[in-house]
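Heads up: the structure comes next, in C-alpha cells.
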Amino acid sequence: MVEAWASHDVDTWRAFVDTVRSNSLDPFRARVLDIGCGANAPVSILLHSAGADVVGIDWKVGHRWGLDISAKRYWTYAREVGLGKTARKVLGELVYDRRYYITLSRRAGIPLTEQGLDLRAMDATALTLPDASVDIVHSNATWEHIADVRRANREVSRVLKPGGLACIEIHLFPSLSGGHDLPWIVPGKTDLGDVTPWRHLRDPAWREPVFLNRLRERDYRDAFGTTPGIEIVEWRTEYTEGAAFLTDAIRAELPHYSPEELTQRSIIVVLRRSA
C-alpha cells in the first residue's frame with residue numbers, strides 16, 4: 001500500500017509537470033503555490049527538490065513530513081500532544097514514512113530534500129500572499145473540500161502573476177469514490193469493503209467522513225468560468241472508475257446523474273491569469 005500511494009503521488013507530480021511545460025512554463029524555475037499539500041506534501045517536496053521555489057499550504061501544517069527524523073522534533077511534538085501520540089508518530093514515520101519517501105524518490109528519480117522547504121498553515125480562501133506573487137498554482141484533491149469555491153478561485157486569480165498558470169485537480173462528488181468513504185481510493189484499485197456502490201448518493205442518511213461541498217462538474221465549470229481575471233485553457237477528465245458496478249437498477253435509482261457523471265472520478269482544470 002505504501003508503494004502504491006507513493007507511485008500514485010509521483011504520477012500526479014509528473015502529470016502536473018507535463019501540463020505546465022505544455023503551456024510554455026518551467027515548473028522547476030518558478031514560484032509555485034501548492035494548495036492543499038497534504039500531510040506528506042509529496043508534490044511540494046518533489047518540486048522543491050527539483051529546484052522550484054515552493055510554498056506548500058494546508059489548513060493545518062503538522063509535524064509529519066517524514067524526512068527529518070530527529071529527537072528534537074519529537075520532543076517538541078511530545079510537549080504538544082503527549083507521549084502516547086508521539087510514540088505512535090515515531091512508529092508511523094519509521095515504518096511508513098521512510099518507505100514512502102524512499103519509494104517517492106526512487107520513482108521520481110531525484111534525491112529528496114526538505115532543506116529550505118516552505119510549508120505553512122493557510123486557508124485557501126484567504127491566502128496571506130501578495131498580489132501577483134506566484135507563477136504557478138498547483139492543487140490536488142482539495143477543491144472538493146472547500147466550502148466557498150468561488151472565493152478560493154478569486155484568491156488564485158489574485159496571487160497569480162499575469163500569464164501565470166493554475167492546475168487544479170478535483171475529485172468529483174458523484175463518482176463511485178466521491179463520498180471519500182471507500183477503504184481504498186487510489187485510481188486503478190477499487191475496494192468497496194462494506195460500502196454499497198454510490199451509497200453517498202443513494203442513502204439519504206449517509207454522512208460524509210470529511211467535509212465535502214458536494215459540487216458537480218457543472219458547478220465547478222460555472223464557478224471557474226465566472227472568476228474575474230482567469231480563463232480556462234484546458235478541462236479534461238483525469239480518471240474514470242466504477243463502470244462495472246453501474247447496474248441498470250442503480251442508474252434507475254439515480255436518474256438525475258448521467259452514466260458519464262457517475263463514472264467520472266476526477267477532472268483537471270488548467271487556468272491562465274489574464275495578462
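Letters A, B, ... go to the chains of the C-alpha cells in the order shown; residues in each chain start at 1; ligands are counted from 1 in the same order.
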
TODO: Please give the complete set of residues from segment 11-235 of chain A that DSSP, run on the backbone, assigns to strand (DSSP E), formatted as a ChimeraX atom specification.
DONE: /A:31-35,53-58,118-121,134-140,160-171,230-235

Task: Secondary structure check, alpha helix (DSSP H) residues of segment 1-247 of chain A, as an NGL selection string - done: :A and (2-22 or 42-49 or 71-81 or 83-92 or 98-108 or 149-159 or 199-202 or 217-225)

Would you export the selected residues with C-alpha atoms as a JSON list (two decimals), in the first residue's frame, please?
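Result saved to again_9.json:
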[["chain", "number", "residue", "atom", "x", "y", "z"],
["A", 2, "VAL", "CA", 2.84, 2.43, 0.82],
["A", 3, "GLU", "CA", 4.46, 1.87, -2.55],
["A", 4, "ALA", "CA", 1.12, 2.31, -4.35],
["A", 5, "TRP", "CA", 0.46, 5.66, -2.68],
["A", 6, "ALA", "CA", 3.97, 6.92, -3.43],
["A", 7, "SER", "CA", 3.74, 5.76, -7.03],
["A", 8, "HIS", "CA", 0.39, 7.50, -7.44],
["A", 9, "ASP", "CA", 1.81, 10.73, -5.99],
["A", 10, "VAL", "CA", 4.75, 10.63, -8.40],
["A", 11, "ASP", "CA", 2.33, 10.13, -11.29],
["A", 12, "THR", "CA", 0.37, 13.18, -10.08],
["A", 13, "TRP", "CA", 3.58, 15.24, -9.92],
["A", 14, "ARG", "CA", 4.69, 14.15, -13.40],
["A", 15, "ALA", "CA", 1.28, 14.93, -14.91],
["A", 16, "PHE", "CA", 1.44, 18.41, -13.37],
["A", 17, "VAL", "CA", 4.97, 18.99, -14.68],
["A", 18, "ASP", "CA", 3.94, 17.87, -18.18],
["A", 19, "THR", "CA", 0.87, 20.13, -18.12],
["A", 20, "VAL", "CA", 2.89, 23.17, -17.07],
["A", 21, "ARG", "CA", 5.58, 22.53, -19.69],
["A", 22, "SER", "CA", 2.97, 22.09, -22.41],
["A", 42, "PRO", "CA", 4.64, 14.97, -1.96],
["A", 43, "VAL", "CA", 4.27, 17.48, -4.80],
["A", 44, "SER", "CA", 5.75, 20.31, -2.71],
["A", 45, "ILE", "CA", 8.76, 18.16, -1.76],
["A", 46, "LEU", "CA", 9.31, 16.87, -5.30],
["A", 47, "LEU", "CA", 9.11, 20.35, -6.85],
["A", 48, "HIS", "CA", 11.35, 21.80, -4.14],
["A", 49, "SER", "CA", 13.90, 19.02, -4.60],
["A", 71, "ALA", "CA", 14.91, 13.72, 18.75],
["A", 72, "LYS", "CA", 14.43, 17.50, 18.96],
["A", 73, "ARG", "CA", 11.43, 17.43, 16.64],
["A", 74, "TYR", "CA", 9.81, 14.56, 18.55],
["A", 75, "TRP", "CA", 10.39, 16.31, 21.89],
["A", 76, "THR", "CA", 8.59, 19.39, 20.57],
["A", 77, "TYR", "CA", 5.75, 17.21, 19.33],
["A", 78, "ALA", "CA", 5.52, 15.35, 22.68],
["A", 79, "ARG", "CA", 5.10, 18.60, 24.58],
["A", 80, "GLU", "CA", 2.15, 19.47, 22.34],
["A", 81, "VAL", "CA", 0.26, 16.18, 22.11],
["A", 83, "LEU", "CA", 3.90, 10.75, 24.80],
["A", 84, "GLY", "CA", 1.27, 8.30, 23.55],
["A", 85, "LYS", "CA", 0.62, 10.11, 20.27],
["A", 86, "THR", "CA", 4.32, 10.80, 19.88],
["A", 87, "ALA", "CA", 5.16, 7.09, 20.22],
["A", 88, "ARG", "CA", 2.60, 6.25, 17.50],
["A", 89, "LYS", "CA", 4.02, 9.02, 15.34],
["A", 90, "VAL", "CA", 7.58, 7.69, 15.69],
["A", 91, "LEU", "CA", 6.43, 4.20, 14.72],
["A", 92, "GLY", "CA", 4.47, 5.54, 11.75],
["A", 98, "ARG", "CA", 10.57, 6.18, 5.45],
["A", 99, "ARG", "CA", 9.31, 3.60, 2.94],
["A", 100, "TYR", "CA", 7.01, 6.18, 1.39],
["A", 101, "TYR", "CA", 9.74, 8.77, 0.77],
["A", 102, "ILE", "CA", 12.26, 6.17, -0.40],
["A", 103, "THR", "CA", 9.72, 4.99, -2.98],
["A", 104, "LEU", "CA", 8.82, 8.58, -3.90],
["A", 105, "SER", "CA", 12.47, 9.43, -4.55],
["A", 106, "ARG", "CA", 13.16, 6.23, -6.48],
["A", 107, "ARG", "CA", 10.08, 6.56, -8.70],
["A", 108, "ALA", "CA", 10.73, 10.25, -9.40],
["A", 149, "VAL", "CA", -15.08, 27.63, -4.09],
["A", 150, "ARG", "CA", -15.69, 30.98, -5.78],
["A", 151, "ARG", "CA", -13.73, 32.79, -3.09],
["A", 152, "ALA", "CA", -10.83, 30.33, -3.44],
["A", 153, "ASN", "CA", -10.91, 30.88, -7.21],
["A", 154, "ARG", "CA", -10.67, 34.65, -6.72],
["A", 155, "GLU", "CA", -7.69, 34.15, -4.41],
["A", 156, "VAL", "CA", -5.94, 32.04, -7.06],
["A", 157, "SER", "CA", -6.59, 34.79, -9.60],
["A", 158, "ARG", "CA", -5.27, 37.44, -7.21],
["A", 159, "VAL", "CA", -1.94, 35.78, -6.35],
["A", 199, "ARG", "CA", -24.06, 4.92, -1.20],
["A", 200, "HIS", "CA", -23.37, 8.64, -0.73],
["A", 201, "LEU", "CA", -25.89, 9.41, -3.50],
["A", 202, "ARG", "CA", -28.44, 6.69, -2.76],
["A", 217, "GLU", "CA", -18.66, 19.17, -12.56],
["A", 218, "ARG", "CA", -21.12, 21.70, -14.00],
["A", 219, "ASP", "CA", -20.94, 23.68, -10.73],
["A", 220, "TYR", "CA", -17.15, 23.89, -10.93],
["A", 221, "ARG", "CA", -17.31, 24.86, -14.60],
["A", 222, "ASP", "CA", -19.64, 27.72, -13.77],
["A", 223, "ALA", "CA", -17.52, 28.83, -10.80],
["A", 224, "PHE", "CA", -14.24, 28.86, -12.75],
["A", 225, "GLY", "CA", -15.84, 30.31, -15.86]]

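Distance check against Ser266 of chain A using only C-alpha atoms: of A:Leu192, A:Leu246, A:Ile168, A:Leu212, the minimum falls on A:Ile168.
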
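Take the candidates A:Thr113, A:Ser133, A:Ser24, A:Asn140 and check each one against Gly38 of chain A using only C-alpha atoms; the shortest distance goes to A:Asn140.
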
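Residue neighbourhood of Asp181 of chain A, excluding near-sequence residues (fewer than 2 positions): Leu176, Ser177, Gly178, Gly179, Pro183, Trp184, Ile185, Leu192, Gly193, Val195, Arg199, His200, Arg207, Glu208, Pro209 and Val210 of chain A, at 10 Å, using only C-alpha atoms.
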
Would you export the selected residues with C-alpha atoms as a CSV table (one decimal), in the first residue's frame, please?
chain,number,residue,atom,x,y,z
A,176,LEU,CA,-18.0,6.0,-7.1
A,177,SER,CA,-15.4,7.1,-4.6
A,178,GLY,CA,-16.7,10.7,-4.4
A,179,GLY,CA,-18.0,10.1,-0.8
A,183,PRO,CA,-11.3,1.7,2.0
A,184,TRP,CA,-9.1,2.4,-1.0
A,185,ILE,CA,-9.5,5.3,-3.4
A,192,LEU,CA,-15.6,-1.2,-1.7
A,193,GLY,CA,-15.3,-3.1,1.5
A,195,VAL,CA,-19.8,0.2,1.2
A,199,ARG,CA,-24.1,4.9,-1.2
A,200,HIS,CA,-23.4,8.6,-0.7
A,207,ARG,CA,-22.9,11.5,6.2
A,208,GLU,CA,-19.5,12.3,4.8
A,209,PRO,CA,-16.4,11.4,6.9
A,210,VAL,CA,-14.8,14.7,5.9

Open item on the list: At a cut-off of 8 Å, using only C-alpha atoms, what residues contact Thr237 of chain A? Leave out same-chain residues fewer than 5 positions from it and give the result as number ranges by chain.
Closed with: A: 264-268

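For the choices A:Cys37, A:Leu25, A:Leu271, A:Ile230, the atom-to-atom distance to Thr142 of chain A is smallest for A:Cys37 when using only C-alpha atoms.
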
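Closest approach to Leu33 of chain A among A:Cys167, A:Gly82, A:Val137, A:Ala126: A:Val137, based on only C-alpha atoms.
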
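Atom CA of Arg29 of chain A to atom CA of Ala50 of chain A spans 9.0 Å [interatomic distance, one decimal].
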
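Reported to one decimal place, the separation of atom CA of Asp135 of chain A from atom CA of Ile57 of chain A is 15.7 Å.
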
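The coordinates place atom CA of Leu172 of chain A at 19.8 Å from atom CA of Thr227 of chain A.
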